[in-house]
Amino acid sequence: MQIPAEFDSIRPFEADELPQAYSRLEQDQQFRAVVAYLYPQVPFQALMQQMRSCRTCLDFQKAFCYPFLKQLMAKASKGMDMDAQAIDLSRRYTFVSNHRDIVLDSALLDVLLIDAQAGTTTEIAIGDNLLAAPWIKDLVRINKSFIVERSLPPREMLVASKRMAEYMHFVVQQKHDNIWIAQREGRAKDSNDRTQPAILKMMVMGGQGSVVERLKQLHIVPLSISYEYDPCDFLKAREFQLKRDVEGWKKSKQDDVDSMRTGIMGYKGHVHYHCAPCIDDWLDTLPQDMPKGELFDTVAAHIDQEIHRHYRIYASNRVAADADATPEEQASFQAYVDGQLAKVQLDHPDRDFLRQCLLTMYANPYRNKMKTEQ
């Protein structure tokens, strides 16, 4: 398939580009150090030989990402599962999910799609702010990621957004592959998940026809991601206090690295993915004369409703929301919270404030789900 040259700077690598990408990784000392940490028992050249045997990005995901993530989740969780009964996995979709983990949200979806024998995984939208080194950029493009350009002046940002929207339509309609994209830029630190209408406005910069027709061409599926425990909860609570106490405080690149490492390696308890029905049929029920601004807000609210409705609620959520929970569940979660708060590194930790931040993170999914049942 001929891929338009305008997408070359943002799309995943094609098969004929992989050998050069592998060579660049092989020569990168930082990449070598990371590999030595992740695969201490495997000689580097043996690993590179296996990598070179991967002829496509999907081959790479199956050979490297899949077994690594299976082993990781065997240690760092009580297991993960997905309910995809509402969709036909032989079709192609744009999965729009709440954002729990920078790396794992899309990675675990890919594992679950492989397990469900969906025939393919997803192309992953990843912000260029996370591509801190050339080897990371190469690696994510080997791993079926396309790049969301964020650090651009307004005029260039408009061009980049249109290019990305057109690429997303190309992936679903021409490449016949899936897409994963978060419902918002950055994670909702308090787990009060809301879809940014701006994401939808970007999507309709590609495709043909009316706004509704363009959205339908992407076959959007709201995807709920539920963690029993968020390994980054104490880091998020720390961030809330720093933002409260230090005027103009912003995360450093090291903070991002720490967050990524903690999110990947930390304990998660049970993890559940749930696919809501594709919104195509629902879009057909909207009034044809609905103003654009109202339309985007309405679609965003529907995606939120579907994500909230399909959360899996754990004891951690019920206890945090002061809902029905046994004494044993309450004691267990309070002990967990105490342990996480002890990890917060601050000169003057406000324990009451930090505890409230952490409880809010776990209570919000429960509260949002309850609103869908009223």
# chains A, B, ... in the order shown; residues from 1 in each chain; ligands from 1
$ residues_around --residues "Asp128 (chain A)" --least-positions-apart "4" --cutoff "10 Å" --atoms "only C-alpha atoms" --output "list in words"
Ile10, Ala132, Lys137, Phe146, Ile147, Val148, Glu149, Arg150 and Ser151 of chain A
$ write_last_selection --atoms "N, CA and C atoms" --output "tab-separated table (two decimals), in the first residue's frame"
chain	number	residue	atom	x	y	z
A	10	ILE	N	5.22	11.28	11.06
A	10	ILE	CA	4.44	10.96	12.27
A	10	ILE	C	4.04	9.49	12.37
A	132	ALA	N	11.73	11.73	24.64
A	132	ALA	CA	12.83	12.53	25.17
A	132	ALA	C	14.18	12.23	24.52
A	137	LYS	N	11.99	7.63	20.27
A	137	LYS	CA	11.17	7.91	19.09
A	137	LYS	C	11.20	6.74	18.12
A	146	PHE	N	1.93	6.47	16.35
A	146	PHE	CA	2.05	7.67	15.53
A	146	PHE	C	2.11	8.88	16.47
A	147	ILE	N	2.78	9.92	16.02
A	147	ILE	CA	3.21	10.99	16.91
A	147	ILE	C	2.24	12.16	16.88
A	148	VAL	N	1.81	12.57	18.08
A	148	VAL	CA	0.98	13.76	18.26
A	148	VAL	C	1.93	14.92	18.53
A	149	GLU	N	1.99	15.86	17.57
A	149	GLU	CA	2.91	17.00	17.71
A	149	GLU	C	2.24	18.07	18.56
A	150	ARG	N	2.84	18.34	19.73
A	150	ARG	CA	2.22	19.27	20.67
A	150	ARG	C	3.00	20.56	20.84
A	151	SER	N	4.31	20.51	20.71
A	151	SER	CA	5.15	21.67	21.03
A	151	SER	C	5.40	22.51	19.78
$ residues_around --residues "region 220-232 of chain A" --least-positions-apart "5" --cutoff "9 Å" --atoms "only C-alpha atoms" --output "PyMOL selection string"
chain A and resi 87+93-101+105+183+215+237+259-260+262-280+302-304+306-317+340+361-362+365
$ closest_residue --among "A:Ala86, A:Leu242, A:Leu235, A:Ile142" --to "Glu17 (chain A)" --atoms "only C-alpha atoms"
A:Ile142
$ closest_residue --among "A:Ala165, A:Pro197, A:Gln173, A:Ser252" --to "Gln217 (chain A)" --atoms "only C-alpha atoms"
A:Gln173
$ residues_around --residues "Ser210 (chain A)" --least-positions-apart "3" --cutoff "12 Å" --atoms "only C-alpha atoms" --output "PyMOL selection string"
chain A and resi 204-207+213-217+283-284+288-292+295
$ atom_distance --atom1 "CA of Lys70 (chain A)" --atom2 "CA of Glu185 (chain A)"
27.2 Å
$ closest_residue --among "A:Ala331, A:Leu346, A:Leu152, A:Val111" --to "Lys62 (chain A)" --atoms "only C-alpha atoms"
A:Val111
$ select_by_dssp --residues "region 165-219 of chain A" --states "helix (DSSP H, G or I)" --output "list in words"
Ala165, Glu166, Tyr167, Met168, His169, Phe170, Val171, Val172, Gln173, Gln174, Lys175, Pro197, Ala198, Ile199, Leu200, Lys201, Met202, Met203, Val211, Val212, Glu213, Arg214, Leu215 and Lys216 of chain A
